[in-house]
Amino acid sequence: MAMLEIENLTVEFKTGSGLFRAVDGVSLTIDAGEVLAIVGESGSGKSVSMLAVMGLLPWTAKVTADRMAFEGHDLLNMSANDRRRIIGKDIAMIFQEPMTSLNPCFTVGYQITEALKTHLDLDKAARRRRAVELLDFVGISAPEQRLSSFPHQLSGGMNQRVMIAMAIACSPKLLIADEPTTALDVTIQAQILELLVKLQKDTGMGLVLITHSMGVVAETAERVSVQYAGQKVEEQPVKGLFADPHHPYTAALLSALPERAKARRLPSIPGVVPGLFDRPRGCLFAPRCSYATELCHSTAPRRIDGTLCHYPLVKGVPQGHPGKEKAA
């Protein structure tokens, strides 16, 4: 049995113009000790999917699923008290933008020890010692002095390390990292990724890495789930995905990598992820897809061998395409 199981997860938000489906029938699993990457552009429902697991969506969200379980425990139907015992302890999350996720009114030491006080039976002195250990572990120099610092007194990279320290404070079994390298310079990005991978290997925890960077995926993940406009369009082991992407969207993401560019100008995907008012009737990717036919524009695709596409690619060739088959 997988550690985390999600089957047919749907998240809808109430708006003044009606319901907006941000996550549409997503299913995924993650085993203990596994690194799963969820990739896609902004607006693909990556963060919303994991916030639904954490139970941190606002009241305007309607969450439904055939199954959403952690270690066999039903996350959808358990009581709020039971869920609070799991969230922050067994399942933890590193949020985007540490400068807005950390509370500017409290020291980083207070914010770390608050999690320890909630979930672990430690006295004040033990909580402080543990906080110092955590800051030292994530690479913050002079950790005892840094406990009394406020977030605005630290750099973006140091705040990100504080967020990681808070997330791993209670030794979670599953860590969700939501765009952990956003807004950091390249050198700090590499250090943060290296730290996360080291944490995962040292502790054996499961790691869900939410990102829009295929380069990050190549360096860290074992398996990749690709989302577009709230739907999971493809899932493969990372080596298979990079060698032979099956969905045109995945192929387009990979073709935009600088090392794969065949021309001086990097290729891009035209258009944007559809929102509430421009949602296509058929395949959600059809308006941006170079292989789209009338069938794609009129009829939602079914899943073929795990790929949500009328004409899944095999070695860059769309299978069953009525027109001239062309290389991706």
# chains A, B, ... in the order shown; residues from 1 in each chain; ligands from 1
>>> residues_around(residues="A:Arg129", least_positions_apart="4", cutoff="10 Å", atoms="only C-alpha atoms", output="count of residues only")
6
>>> select_by_dssp(residues="stretch 71-286 of chain A", states="alpha helix (DSSP H)", output="PyMOL selection string")
chain A and resi 80-86+98-101+108-119+124-137+143-146+156-168+186-203+214-220+238-243+248-255
>>> closest_residue(among="A:Lys46, A:His73, A:Arg146, A:Lys201", to="A:Ala229", atoms="only C-alpha atoms")
A:Lys46
>>> closest_residue(among="A:Leu193, A:Cys105, A:Phe285, A:Ser213", to="A:Leu257", atoms="only C-alpha atoms")
A:Ser213
>>> residues_around(residues="A:Phe277", least_positions_apart="4", cutoff="12 Å", atoms="only C-alpha atoms", output="VMD selection string")
chain A and resid 15 17 to 21 273 281
>>> closest_residue(among="A:Ala165, A:Gly139, A:Gly157, A:Leu51", to="A:Asp185", atoms="only C-alpha atoms")
A:Gly157
>>> select_by_dssp(residues="stretch 81-320 of chain A", states="strand (DSSP E or B)", output="ChimeraX atom specification")
/A:87,91-94,174-178,206-211,223-228,231-237,303-304,307-308,313-314,317-318
>>> write_last_selection(atoms="C-alpha atoms", output="PDB file, in the first residue's frame")
ATOM      1  CA  ILE A  87      -0.544  17.649   9.456  1.00  0.00           C
ATOM      2  CA  ILE A  91       2.975  15.369   6.623  1.00  0.00           C
ATOM      3  CA  ALA A  92       4.739  18.719   6.331  1.00  0.00           C
ATOM      4  CA  MET A  93       4.912  21.346   3.614  1.00  0.00           C
ATOM      5  CA  ILE A  94       7.431  23.960   2.530  1.00  0.00           C
ATOM      6  CA  LEU A 174       6.138  12.929   3.827  1.00  0.00           C
ATOM      7  CA  LEU A 175       7.491  16.344   2.885  1.00  0.00           C
ATOM      8  CA  ILE A 176       5.804  18.488   0.217  1.00  0.00           C
ATOM      9  CA  ALA A 177       8.087  21.179  -1.227  1.00  0.00           C
ATOM     10  CA  ASP A 178       6.130  23.785  -3.200  1.00  0.00           C
ATOM     11  CA  GLY A 206       8.817  10.644   0.892  1.00  0.00           C
ATOM     12  CA  LEU A 207       9.298  13.896  -1.014  1.00  0.00           C
ATOM     13  CA  VAL A 208       6.801  15.603  -3.322  1.00  0.00           C
ATOM     14  CA  LEU A 209       8.526  18.350  -5.295  1.00  0.00           C
ATOM     15  CA  ILE A 210       6.211  20.863  -6.963  1.00  0.00           C
ATOM     16  CA  THR A 211       8.014  22.786  -9.682  1.00  0.00           C
ATOM     17  CA  ARG A 223       8.974   9.791 -11.012  1.00  0.00           C
ATOM     18  CA  VAL A 224       7.198  12.698 -12.669  1.00  0.00           C
ATOM     19  CA  SER A 225       3.519  13.650 -12.827  1.00  0.00           C
ATOM     20  CA  VAL A 226       2.740  16.320 -15.447  1.00  0.00           C
ATOM     21  CA  GLN A 227      -0.320  18.529 -14.866  1.00  0.00           C
ATOM     22  CA  TYR A 228      -2.029  20.943 -17.208  1.00  0.00           C
ATOM     23  CA  GLN A 231      -5.578  17.608 -15.119  1.00  0.00           C
ATOM     24  CA  LYS A 232      -2.823  15.034 -14.913  1.00  0.00           C
ATOM     25  CA  VAL A 233      -1.832  14.477 -18.526  1.00  0.00           C
ATOM     26  CA  GLU A 234       1.049  12.052 -18.075  1.00  0.00           C
ATOM     27  CA  GLU A 235       3.144  10.211 -15.506  1.00  0.00           C
ATOM     28  CA  GLN A 236       6.416   8.388 -16.057  1.00  0.00           C
ATOM     29  CA  PRO A 237       9.719   7.547 -14.389  1.00  0.00           C
ATOM     30  CA  ARG A 303      -6.655   8.245 -21.060  1.00  0.00           C
ATOM     31  CA  ILE A 304      -4.609   5.971 -23.341  1.00  0.00           C
ATOM     32  CA  THR A 307      -1.661   9.604 -21.208  1.00  0.00           C
ATOM     33  CA  LEU A 308      -4.597  12.003 -21.497  1.00  0.00           C
ATOM     34  CA  LEU A 313       3.334  10.429 -28.823  1.00  0.00           C
ATOM     35  CA  VAL A 314       5.708   7.515 -29.255  1.00  0.00           C
ATOM     36  CA  VAL A 317       5.250  10.661 -33.446  1.00  0.00           C
ATOM     37  CA  PRO A 318       1.510  11.160 -32.674  1.00  0.00           C
TER      38      PRO A 318
END
>>> residues_around(residues="A:Ile192", least_positions_apart="2", cutoff="12 Å", atoms="only C-alpha atoms", output="count of residues only")
34
>>> closest_residue(among="A:Met1, A:Leu75, A:Ala65, A:Met99", to="A:Ser155", atoms="only C-alpha atoms")
A:Met99
>>> closest_residue(among="A:Asp244, A:Asp278, A:Glu222, A:Glu259", to="A:Ala37", atoms="only C-alpha atoms")
A:Glu222
